[in-house]
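**Student:** Supplied structure: work.cif, mmCIF, C-alpha atoms; chains and numbers go by the auth columns.
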```cif
data_final
loop_
_atom_site.group_PDB
_atom_site.id
_atom_site.type_symbol
_atom_site.label_atom_id
_atom_site.label_comp_id
_atom_site.label_asym_id
_atom_site.label_seq_id
_atom_site.Cartn_x
_atom_site.Cartn_y
_atom_site.Cartn_z
_atom_site.B_iso_or_equiv
_atom_site.auth_seq_id
_atom_site.auth_asym_id
ATOM 1 C CA MET A 1 87.353 60.795 147.129 0.00 1 U
ATOM 2 C CA ARG A 2 90.308 63.141 146.692 0.00 2 U
ATOM 3 C CA ILE A 3 88.176 66.270 146.712 0.00 3 U
ATOM 4 C CA ASN A 4 86.423 64.979 149.835 0.00 4 U
ATOM 5 C CA MET A 5 89.829 64.738 151.498 0.00 5 U
ATOM 6 C CA THR A 6 90.522 68.270 150.340 0.00 6 U
ATOM 7 C CA ARG A 7 87.255 69.442 151.917 0.00 7 U
ATOM 8 C CA ASN A 8 88.159 67.779 155.208 0.00 8 U
ATOM 9 C CA LYS A 9 91.631 69.283 155.089 0.00 9 U
ATOM 10 C CA LEU A 10 90.124 72.698 154.408 0.00 10 U
ATOM 11 C CA ALA A 11 87.762 72.295 157.367 0.00 11 U
ATOM 12 C CA ILE A 12 90.618 71.169 159.632 0.00 12 U
ATOM 13 C CA PHE A 13 92.702 74.129 158.474 0.00 13 U
ATOM 14 C CA LEU A 14 89.863 76.574 159.228 0.00 14 U
ATOM 15 C CA ILE A 15 89.271 75.006 162.643 0.00 15 U
ATOM 16 C CA ALA A 16 93.010 75.296 163.363 0.00 16 U
ATOM 17 C CA VAL A 17 92.922 78.978 162.360 0.00 17 U
ATOM 18 C CA PHE A 18 89.904 79.441 164.652 0.00 18 U
ATOM 19 C CA LEU A 19 91.706 77.818 167.592 0.00 19 U
ATOM 20 C CA ILE A 20 94.884 79.857 167.014 0.00 20 U
ATOM 21 C CA GLY A 21 92.834 83.063 166.832 0.00 21 U
ATOM 22 C CA LEU A 22 90.984 82.096 170.001 0.00 22 U
ATOM 23 C CA ALA A 23 94.284 81.462 171.781 0.00 23 U
ATOM 24 C CA VAL A 24 95.522 84.909 170.704 0.00 24 U
ATOM 25 C CA ILE A 25 92.311 86.544 171.979 0.00 25 U
ATOM 26 C CA ILE A 26 92.617 84.744 175.327 0.00 26 U
ATOM 27 C CA TYR A 27 96.312 85.614 175.606 0.00 27 U
ATOM 28 C CA GLN A 28 95.762 89.289 174.802 0.00 28 U
ATOM 29 C CA GLY A 29 92.716 89.616 177.042 0.00 29 U
ATOM 30 C CA ARG A 30 94.110 87.845 180.091 0.00 30 U
ATOM 31 C CA PRO A 31 94.034 89.917 183.266 0.00 31 U
ATOM 32 C CA VAL A 32 97.482 91.350 183.918 0.00 32 U
ATOM 33 C CA LYS A 33 98.381 92.684 187.309 0.00 33 U
ATOM 34 C CA GLN A 34 99.679 96.244 187.091 0.00 34 U
ATOM 35 C CA MET A 35 103.090 96.816 188.571 0.00 35 U
ATOM 36 C CA GLU A 36 103.367 99.829 190.816 0.00 36 U
ATOM 37 C CA PRO A 37 106.318 102.113 190.018 0.00 37 U
ATOM 38 C CA GLY A 38 107.574 101.865 193.592 0.00 38 U
ATOM 39 C CA GLY A 39 107.675 98.078 193.811 0.00 39 U
ATOM 40 C CA LEU A 40 105.648 94.926 193.478 0.00 40 U
ATOM 41 C CA GLU A 41 101.868 95.052 193.762 0.00 41 U
ATOM 42 C CA GLY A 42 100.900 94.470 197.335 0.00 42 U
ATOM 43 C CA ASP A 43 104.338 95.510 198.511 0.00 43 U
ATOM 44 C CA ILE A 44 103.869 97.905 201.406 0.00 44 U
ATOM 45 C CA SER A 45 106.624 100.162 200.059 0.00 45 U
ATOM 46 C CA ALA A 46 104.511 100.877 196.987 0.00 46 U
ATOM 47 C CA VAL A 47 101.550 102.200 198.981 0.00 47 U
ATOM 48 C CA ALA A 48 101.341 105.875 199.756 0.00 48 U
ATOM 49 C CA VAL A 49 101.387 106.698 203.436 0.00 49 U
ATOM 50 C CA ASP A 50 97.991 108.429 203.404 0.00 50 U
ATOM 51 C CA GLU A 51 96.384 105.241 202.075 0.00 51 U
ATOM 52 C CA ILE A 52 97.289 103.301 205.189 0.00 52 U
ATOM 53 C CA SER A 53 94.586 103.720 207.746 0.00 53 U
ATOM 54 C CA PRO A 54 95.949 104.581 211.187 0.00 54 U
ATOM 55 C CA ILE A 55 93.451 102.249 212.837 0.00 55 U
ATOM 56 C CA GLY A 56 93.474 99.141 210.693 0.00 56 U
ATOM 57 C CA ASP A 57 90.856 98.806 207.962 0.00 57 U
ATOM 58 C CA PHE A 58 89.084 102.102 208.548 0.00 58 U
ATOM 59 C CA TYR A 59 89.122 104.863 205.960 0.00 59 U
ATOM 60 C CA THR A 60 87.747 108.366 205.828 0.00 60 U
ATOM 61 C CA LEU A 61 85.570 109.568 202.934 0.00 61 U
ATOM 62 C CA ASN A 62 88.462 111.861 201.979 0.00 62 U
ATOM 63 C CA GLN A 63 90.698 108.825 201.549 0.00 63 U
ATOM 64 C CA VAL A 64 88.018 107.155 199.442 0.00 64 U
ATOM 65 C CA ALA A 65 87.667 110.337 197.372 0.00 65 U
ATOM 66 C CA SER A 66 91.354 110.182 196.417 0.00 66 U
ATOM 67 C CA HIS A 67 90.716 106.875 194.596 0.00 67 U
ATOM 68 C CA ASP A 68 88.414 108.300 191.971 0.00 68 U
ATOM 69 C CA ARG A 69 89.912 106.964 188.761 0.00 69 U
ATOM 70 C CA SER A 70 89.079 103.856 186.770 0.00 70 U
ATOM 71 C CA GLU A 71 92.633 102.575 187.307 0.00 71 U
ATOM 72 C CA ASP A 72 92.278 103.103 191.057 0.00 72 U
ATOM 73 C CA CYS A 73 88.648 102.983 192.056 0.00 73 U
ATOM 74 C CA TRP A 74 87.389 102.852 195.627 0.00 74 U
ATOM 75 C CA SER A 75 83.831 103.425 196.680 0.00 75 U
ATOM 76 C CA ALA A 76 81.827 103.468 199.909 0.00 76 U
ATOM 77 C CA VAL A 77 78.586 101.515 200.069 0.00 77 U
ATOM 78 C CA GLY A 78 76.581 101.094 203.258 0.00 78 U
ATOM 79 C CA GLY A 79 79.409 102.216 205.514 0.00 79 U
ATOM 80 C CA ALA A 80 81.960 99.836 203.987 0.00 80 U
ATOM 81 C CA VAL A 81 84.782 100.617 201.562 0.00 81 U
ATOM 82 C CA TYR A 82 85.276 98.568 198.402 0.00 82 U
ATOM 83 C CA ASP A 83 88.094 98.472 195.864 0.00 83 U
ATOM 84 C CA LEU A 84 86.149 98.257 192.602 0.00 84 U
ATOM 85 C CA THR A 85 89.132 98.584 190.243 0.00 85 U
ATOM 86 C CA THR A 86 89.062 94.975 189.051 0.00 86 U
ATOM 87 C CA TRP A 87 85.261 94.939 188.943 0.00 87 U
ATOM 88 C CA ILE A 88 84.993 97.694 186.320 0.00 88 U
ATOM 89 C CA ALA A 89 85.728 95.363 183.402 0.00 89 U
ATOM 90 C CA ARG A 90 83.546 92.578 184.805 0.00 90 U
ATOM 91 C CA HIS A 91 80.429 94.439 185.889 0.00 91 U
ATOM 92 C CA PRO A 92 77.389 92.870 184.161 0.00 92 U
ATOM 93 C CA GLY A 93 75.860 96.293 183.570 0.00 93 U
ATOM 94 C CA GLY A 94 78.956 97.713 181.883 0.00 94 U
ATOM 95 C CA ALA A 95 81.875 99.779 183.126 0.00 95 U
ATOM 96 C CA ARG A 96 80.169 103.191 183.217 0.00 96 U
ATOM 97 C CA PRO A 97 78.036 102.733 186.373 0.00 97 U
ATOM 98 C CA ILE A 98 81.070 101.524 188.340 0.00 98 U
ATOM 99 C CA ILE A 99 83.315 104.331 187.069 0.00 99 U
ATOM 100 C CA ASN A 100 80.636 106.768 188.254 0.00 100 U
ATOM 101 C CA MET A 101 80.942 105.273 191.750 0.00 101 U
ATOM 102 C CA CYS A 102 84.705 105.813 192.039 0.00 102 U
ATOM 103 C CA GLY A 103 85.747 108.027 194.953 0.00 103 U
ATOM 104 C CA LYS A 104 82.183 108.492 196.252 0.00 104 U
ATOM 105 C CA ASP A 105 79.699 107.194 198.772 0.00 105 U
ATOM 106 C CA SER A 106 77.530 105.239 196.334 0.00 106 U
ATOM 107 C CA THR A 107 75.084 103.655 198.771 0.00 107 U
ATOM 108 C CA GLU A 108 72.059 105.233 197.114 0.00 108 U
ATOM 109 C CA ALA A 109 73.130 104.365 193.582 0.00 109 U
ATOM 110 C CA PHE A 110 73.857 100.754 194.560 0.00 110 U
ATOM 111 C CA ASN A 111 70.552 100.303 196.406 0.00 111 U
ATOM 112 C CA ARG A 112 68.620 101.943 193.572 0.00 112 U
ATOM 113 C CA GLN A 113 70.147 99.622 190.986 0.00 113 U
ATOM 114 C CA HIS A 114 70.458 96.369 192.904 0.00 114 U
ATOM 115 C CA GLY A 115 68.154 96.696 195.916 0.00 115 U
ATOM 116 C CA GLY A 116 68.227 93.396 197.743 0.00 116 U
ATOM 117 C CA SER A 117 69.997 91.426 195.015 0.00 117 U
ATOM 118 C CA ALA A 118 71.905 88.671 196.820 0.00 118 U
ATOM 119 C CA ILE A 119 74.151 88.081 193.802 0.00 119 U
ATOM 120 C CA ALA A 120 75.184 91.735 193.626 0.00 120 U
ATOM 121 C CA GLN A 121 75.830 91.863 197.371 0.00 121 U
ATOM 122 C CA SER A 122 77.854 88.649 197.360 0.00 122 U
ATOM 123 C CA SER A 123 79.965 90.011 194.494 0.00 123 U
ATOM 124 C CA LEU A 124 80.489 93.274 196.363 0.00 124 U
ATOM 125 C CA ILE A 125 81.551 91.629 199.613 0.00 125 U
ATOM 126 C CA LEU A 126 84.545 90.031 197.866 0.00 126 U
ATOM 127 C CA LEU A 127 85.838 93.503 197.055 0.00 127 U
ATOM 128 C CA LYS A 128 85.580 94.905 200.563 0.00 128 U
ATOM 129 C CA ILE A 129 88.781 96.440 201.921 0.00 129 U
ATOM 130 C CA GLY A 130 87.556 98.204 205.029 0.00 130 U
ATOM 131 C CA GLU A 131 84.990 100.420 206.663 0.00 131 U
ATOM 132 C CA ILE A 132 84.232 104.117 206.821 0.00 132 U
ATOM 133 C CA ASP A 133 85.737 105.739 209.886 0.00 133 U
ATOM 134 C CA MET B 1 64.381 77.285 146.953 0.00 1 D
ATOM 135 C CA SER B 2 66.315 77.825 143.727 0.00 2 D
ATOM 136 C CA ASN B 3 70.070 77.528 143.449 0.00 3 D
ATOM 137 C CA THR B 4 70.468 81.299 143.048 0.00 4 D
ATOM 138 C CA SER B 5 68.288 81.981 146.096 0.00 5 D
ATOM 139 C CA ARG B 6 70.469 79.690 148.196 0.00 6 D
ATOM 140 C CA GLN B 7 73.613 81.405 146.915 0.00 7 D
ATOM 141 C CA ILE B 8 72.219 84.835 147.781 0.00 8 D
ATOM 142 C CA LEU B 9 71.101 83.638 151.213 0.00 9 D
ATOM 143 C CA ARG B 10 74.439 81.970 151.969 0.00 10 D
ATOM 144 C CA TYR B 11 76.601 84.928 150.936 0.00 11 D
ATOM 145 C CA SER B 12 74.308 87.417 152.697 0.00 12 D
ATOM 146 C CA LEU B 13 74.501 85.485 155.945 0.00 13 D
ATOM 147 C CA ALA B 14 78.274 85.115 155.606 0.00 14 D
ATOM 148 C CA LEU B 15 78.605 88.871 155.071 0.00 15 D
ATOM 149 C CA LEU B 16 76.336 89.576 158.036 0.00 16 D
ATOM 150 C CA PHE B 17 78.319 87.377 160.411 0.00 17 D
ATOM 151 C CA ILE B 18 81.654 88.735 159.190 0.00 18 D
ATOM 152 C CA TRP B 19 80.456 92.297 159.738 0.00 19 D
ATOM 153 C CA PHE B 20 79.087 91.591 163.226 0.00 20 D
ATOM 154 C CA GLY B 21 82.174 89.527 164.082 0.00 21 D
ATOM 155 C CA CYS B 22 84.552 92.322 163.048 0.00 22 D
ATOM 156 C CA GLN B 23 82.529 94.842 165.040 0.00 23 D
ATOM 157 C CA GLN B 24 82.803 92.660 168.141 0.00 24 D
ATOM 158 C CA ILE B 25 86.544 92.149 167.714 0.00 25 D
ATOM 159 C CA PHE B 26 87.443 95.789 167.061 0.00 26 D
ATOM 160 C CA GLU B 27 84.887 97.503 169.328 0.00 27 D
ATOM 161 C CA PRO B 28 84.038 95.041 172.093 0.00 28 D
ATOM 162 C CA ALA B 29 82.989 97.805 174.515 0.00 29 D
ATOM 163 C CA VAL B 30 79.939 98.583 172.358 0.00 30 D
ATOM 164 C CA TRP B 31 78.723 94.995 172.697 0.00 31 D
ATOM 165 C CA LEU B 32 79.241 94.522 176.431 0.00 32 D
ATOM 166 C CA GLY B 33 75.661 95.538 177.165 0.00 33 D
ATOM 167 C CA PHE B 34 74.361 92.577 175.158 0.00 34 D
ATOM 168 C CA LEU B 35 76.134 90.000 177.302 0.00 35 D
ATOM 169 C CA PRO B 36 73.885 88.051 179.662 0.00 36 D
ATOM 170 C CA GLU B 37 74.151 89.113 183.298 0.00 37 D
ATOM 171 C CA TRP B 38 75.628 85.790 184.434 0.00 38 D
ATOM 172 C CA THR B 39 78.734 86.330 182.281 0.00 39 D
ATOM 173 C CA GLY B 40 79.721 89.142 184.639 0.00 40 D
ATOM 174 C CA TYR B 41 80.285 86.615 187.392 0.00 41 D
ATOM 175 C CA LEU B 42 82.678 84.474 185.355 0.00 42 D
ATOM 176 C CA LEU B 43 86.384 84.830 185.953 0.00 43 D
ATOM 177 C CA VAL B 44 86.821 85.756 182.286 0.00 44 D
ATOM 178 C CA PRO B 45 87.020 89.426 181.248 0.00 45 D
ATOM 179 C CA ARG B 46 83.814 90.404 179.461 0.00 46 D
ATOM 180 C CA GLU B 47 85.619 92.037 176.542 0.00 47 D
ATOM 181 C CA MET B 48 87.436 88.752 175.926 0.00 48 D
ATOM 182 C CA LEU B 49 84.085 86.960 175.725 0.00 49 D
ATOM 183 C CA VAL B 50 82.826 89.468 173.150 0.00 50 D
ATOM 184 C CA ARG B 51 86.006 89.131 171.074 0.00 51 D
ATOM 185 C CA ALA B 52 85.878 85.319 171.227 0.00 52 D
ATOM 186 C CA ASN B 53 82.238 85.383 170.118 0.00 53 D
ATOM 187 C CA GLY B 54 83.141 87.731 167.251 0.00 54 D
ATOM 188 C CA TRP B 55 85.976 85.457 166.159 0.00 55 D
ATOM 189 C CA PHE B 56 83.658 82.438 166.254 0.00 56 D
ATOM 190 C CA GLU B 57 81.150 84.283 164.040 0.00 57 D
ATOM 191 C CA ILE B 58 83.862 85.290 161.545 0.00 58 D
ATOM 192 C CA MET B 59 85.191 81.750 161.226 0.00 59 D
ATOM 193 C CA ALA B 60 81.700 80.278 160.912 0.00 60 D
ATOM 194 C CA ALA B 61 80.987 82.875 158.218 0.00 61 D
ATOM 195 C CA ILE B 62 84.109 81.764 156.333 0.00 62 D
ATOM 196 C CA PHE B 63 82.850 78.162 156.505 0.00 63 D
ATOM 197 C CA LEU B 64 79.562 79.409 155.029 0.00 64 D
ATOM 198 C CA ALA B 65 81.189 81.554 152.363 0.00 65 D
ATOM 199 C CA VAL B 66 83.502 78.768 151.183 0.00 66 D
ATOM 200 C CA GLY B 67 80.716 76.222 151.467 0.00 67 D
ATOM 201 C CA VAL B 68 82.487 73.703 153.676 0.00 68 D
ATOM 202 C CA PHE B 69 80.029 71.734 155.824 0.00 69 D
ATOM 203 C CA THR B 70 77.459 74.356 154.902 0.00 70 D
ATOM 204 C CA ARG B 71 74.412 72.763 156.505 0.00 71 D
ATOM 205 C CA PRO B 72 75.941 71.960 159.928 0.00 72 D
ATOM 206 C CA THR B 73 77.530 75.427 160.015 0.00 73 D
ATOM 207 C CA ALA B 74 74.215 77.112 159.169 0.00 74 D
ATOM 208 C CA LEU B 75 72.510 75.046 161.863 0.00 75 D
ATOM 209 C CA ILE B 76 75.106 76.017 164.485 0.00 76 D
ATOM 210 C CA LEU B 77 74.794 79.702 163.542 0.00 77 D
ATOM 211 C CA SER B 78 71.023 79.418 163.694 0.00 78 D
ATOM 212 C CA LEU B 79 71.125 77.972 167.230 0.00 79 D
ATOM 213 C CA HIS B 80 73.686 80.615 168.183 0.00 80 D
ATOM 214 C CA LEU B 81 71.393 83.401 166.965 0.00 81 D
ATOM 215 C CA PHE B 82 68.335 81.868 168.636 0.00 82 D
ATOM 216 C CA SER B 83 70.153 81.809 171.972 0.00 83 D
ATOM 217 C CA ILE B 84 71.177 85.472 171.532 0.00 84 D
ATOM 218 C CA ALA B 85 67.606 86.418 170.569 0.00 85 D
ATOM 219 C CA ALA B 86 66.174 84.633 173.603 0.00 86 D
ATOM 220 C CA GLU B 87 68.667 86.320 175.910 0.00 87 D
ATOM 221 C CA THR B 88 68.330 89.809 174.432 0.00 88 D
ATOM 222 C CA GLY B 89 64.594 90.045 173.803 0.00 89 D
ATOM 223 C CA GLY B 90 62.854 93.174 172.500 0.00 90 D
ATOM 224 C CA ALA B 91 63.306 94.512 168.975 0.00 91 D
ATOM 225 C CA ILE B 92 66.850 93.141 168.712 0.00 92 D
ATOM 226 C CA GLY B 93 65.576 89.746 169.796 0.00 93 D
ATOM 227 C CA VAL B 94 62.949 89.772 167.031 0.00 94 D
ATOM 228 C CA ARG B 95 65.549 90.757 164.436 0.00 95 D
ATOM 229 C CA ASP B 96 67.943 88.028 165.563 0.00 96 D
ATOM 230 C CA SER B 97 65.139 85.451 165.573 0.00 97 D
ATOM 231 C CA VAL B 98 64.353 86.267 161.941 0.00 98 D
ATOM 232 C CA LEU B 99 68.039 86.005 161.025 0.00 99 D
ATOM 233 C CA ALA B 100 68.172 82.698 162.880 0.00 100 D
ATOM 234 C CA MET B 101 65.219 81.472 160.820 0.00 101 D
ATOM 235 C CA ALA B 102 67.066 82.490 157.638 0.00 102 D
ATOM 236 C CA SER B 103 70.075 80.463 158.813 0.00 103 D
ATOM 237 C CA LEU B 104 67.764 77.564 159.588 0.00 104 D
ATOM 238 C CA ALA B 105 66.340 77.773 156.053 0.00 105 D
ATOM 239 C CA LEU B 106 69.878 77.476 154.693 0.00 106 D
ATOM 240 C CA ALA B 107 70.549 74.504 156.982 0.00 107 D
ATOM 241 C CA ALA B 108 67.360 72.830 155.760 0.00 108 D
ATOM 242 C CA SER B 109 68.200 73.089 152.053 0.00 109 D
ATOM 243 C CA GLU B 110 70.785 71.347 149.898 0.00 110 D
ATOM 244 C CA PRO B 111 74.079 73.252 149.432 0.00 111 D
ATOM 245 C CA ASP B 112 74.053 75.401 146.291 0.00 112 D
ATOM 246 C CA SER B 113 76.252 74.682 143.264 0.00 113 D
ATOM 247 C CA TRP B 114 79.048 77.069 144.294 0.00 114 D
ATOM 248 C CA THR B 115 79.836 75.322 147.585 0.00 115 D
ATOM 249 C CA VAL B 116 82.706 72.907 148.153 0.00 116 D
ATOM 250 C CA ASP B 117 80.096 70.503 149.546 0.00 117 D
ATOM 251 C CA SER B 118 78.248 70.495 146.244 0.00 118 D
ATOM 252 C CA ARG B 119 81.440 69.919 144.244 0.00 119 D
ATOM 253 C CA CYS B 120 82.274 66.977 146.498 0.00 120 D
ATOM 254 C CA ARG B 121 78.865 65.475 145.969 0.00 121 D
ATOM 255 C CA ARG B 122 79.075 65.845 142.183 0.00 122 D
ATOM 256 C CA LEU B 123 82.492 64.192 142.044 0.00 123 D
ATOM 257 C CA GLU B 124 81.453 61.419 144.423 0.00 124 D
ATOM 258 C CA ARG B 125 78.485 60.471 142.240 0.00 125 D
ATOM 259 C CA PRO B 126 79.605 60.798 138.608 0.00 126 D
ATOM 260 C CA VAL B 127 76.846 58.447 137.460 0.00 127 D
ATOM 261 C CA ASP B 128 74.124 60.627 138.976 0.00 128 D
ATOM 262 C CA ALA B 129 75.666 63.700 137.439 0.00 129 D
ATOM 263 C CA ALA B 130 75.656 62.041 134.030 0.00 130 D
#
```
I'd like the structure from this file rewritten - as structure tokens, please.
**Tutor:**
Amino acid sequence: MRINMTRNKLAIFLIAVFLIGLAVIIYQGRPVKQMEPGGLEGDISAVAVDEISPIGDFYTLNQVASHDRSEDCWSAVGGAVYDLTTWIARHPGGARPIINMCGKDSTEAFNRQHGGSAIAQSSLILLKIGEID
Amino acid sequence: MSNTSRQILRYSLALLFIWFGCQQIFEPAVWLGFLPEWTGYLLVPREMLVRANGWFEIMAAIFLAVGVFTRPTALILSLHLFSIAAETGGAIGVRDSVLAMASLALAASEPDSWTVDSRCRRLERPVDAA
């Protein structure tokens, strides 16, 4: 009976270790919003002047091309502009295809890979920030 | 299956899951391609999913290695591997299916003499042991 109790205690201990480890993994992997050096994220003072479109949500391809890094990734698809920065880590096909789209008009690449996929298009629409001028 | 065969099978599977689990925890980017497509639409970062899966495999392997609840653990790992094999398909799917069958074989047999389970059973039934 005593050794059975010991087995149960051992199992409970291992499960507790598992749960603690899981909590650490979740805590370390949680999405953290990056603070801009010039102020809070989303604060207009932190945005460079050339990123603000003079006519609302319209951007030139040159403006898109300046966001060509994985930490700041914009892309044009089908005449619309998308901020793909947060999507890089979540893309089902891995980060590489999205990183390759940064700063470019990726209409062809997107259509070639996803064609008429409604799921892909509905995911993309959530990331839309404007249109190509 | 003899006692020694079960010991070899149990320790081999434990080693396998510890190795794969460590790989997933320390190099999650390598394993992202194996995640099912639907996981990309969850609000959970994909690397976190890989790490959590790796941690689960390591802990289950420790259960196997120590021999605590050996049969249920082997069954859970078998189902886990079957689901991965079904999702992955191809050569990797075949390999994982075979490993899942090996886990199922362990779940189907009595725990070997080196497990905590076996020690419990012996001490619970001293008359049988005599």
**Student:** At most 9 Å is the cut-off: for each residue in chain D with any atom that close to an atom of chain U, write down the nearest atom pair and the distance in Å rounded to one decimal, counting only C-alpha atoms, chain first then increasing number, as a tab-separated table.
**Tutor:**
```
residue	atom	partner	partner_atom	distance
D:Ala29	CA	U:Gly94	CA	8.4
D:Leu32	CA	U:Gly94	CA	6.3
D:Gly33	CA	U:Gly94	CA	6.2
D:Leu35	CA	U:Pro92	CA	7.5
D:Pro36	CA	U:Pro92	CA	7.5
D:Glu37	CA	U:Pro92	CA	5.0
D:Trp38	CA	U:Pro92	CA	7.3
D:Thr39	CA	U:Pro92	CA	6.9
D:Gly40	CA	U:Pro92	CA	4.4
D:Tyr41	CA	U:Arg90	CA	7.3
D:Leu42	CA	U:Arg90	CA	8.2
D:Leu43	CA	U:Arg90	CA	8.3
D:Val44	CA	U:Arg30	CA	7.9
D:Pro45	CA	U:Arg90	CA	5.9
D:Arg46	CA	U:Arg90	CA	5.8
D:Glu47	CA	U:Gly29	CA	7.5
D:Met48	CA	U:Gly29	CA	5.5
D:Leu49	CA	U:Ile26	CA	8.8
D:Arg51	CA	U:Ile25	CA	6.9
D:Ala52	CA	U:Leu22	CA	6.2
D:Trp55	CA	U:Leu22	CA	7.2
D:Phe56	CA	U:Phe18	CA	7.1
D:Ile58	CA	U:Phe18	CA	9.0
D:Met59	CA	U:Phe18	CA	6.3
D:Ile62	CA	U:Leu14	CA	8.3
D:Phe63	CA	U:Leu14	CA	7.7
D:Val68	CA	U:Ala11	CA	6.6
D:Phe69	CA	U:Ala11	CA	7.9
D:Val116	CA	U:Arg7	CA	6.8
D:Asp117	CA	U:Arg7	CA	7.6
D:Arg119	CA	U:Ile3	CA	8.0
D:Cys120	CA	U:Asn4	CA	5.7
D:Arg121	CA	U:Asn4	CA	8.5
D:Leu123	CA	U:Ile3	CA	7.6
D:Glu124	CA	U:Met1	CA	6.5
```
**Student:** May I ask for the distance between CA of Leu84 (chain U) and CA of Val30 (chain D), given in Å to one decimal place?
**Tutor:**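 Interatomic distance here is 21.2 Å.
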**Student:** Pull out every residue that the PyMOL selection byres ((chain U and resi 132) around 9) matches in the shown coordinates and put them as a ChimeraX atom specification.
**Tutor:** /U:57-61,64,76,78-81,130-131,133
**Student:** Can you spell out as a PyMOL selection string the set of residues that the PyMOL selection byres ((chain D and resi 107) around 6) selects in the structure I just provided?
**Tutor:** chain D and resi 71+74-75+104-106+108-109
**Student:** Pick from U:Ser75, U:Ser70, U:Ile129, U:Thr85: nearest to Phe110 (chain U), with all atoms listed in the file counted?
**Tutor:**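 So, comparing all the options, the nearest one is U:Ser75.
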**Student:** May I ask for the distance between CA of Phe20 (chain D) and CA of Glu87 (chain D), given in Å to one decimal place?
**Tutor:**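 Distance reported for this atom pair: 17.2 Å.
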**Student:** What gap, in Å, lies between CA of Ile125 (chain U) and CA of Val77 (chain U)?
**Tutor:** 10.3 Å
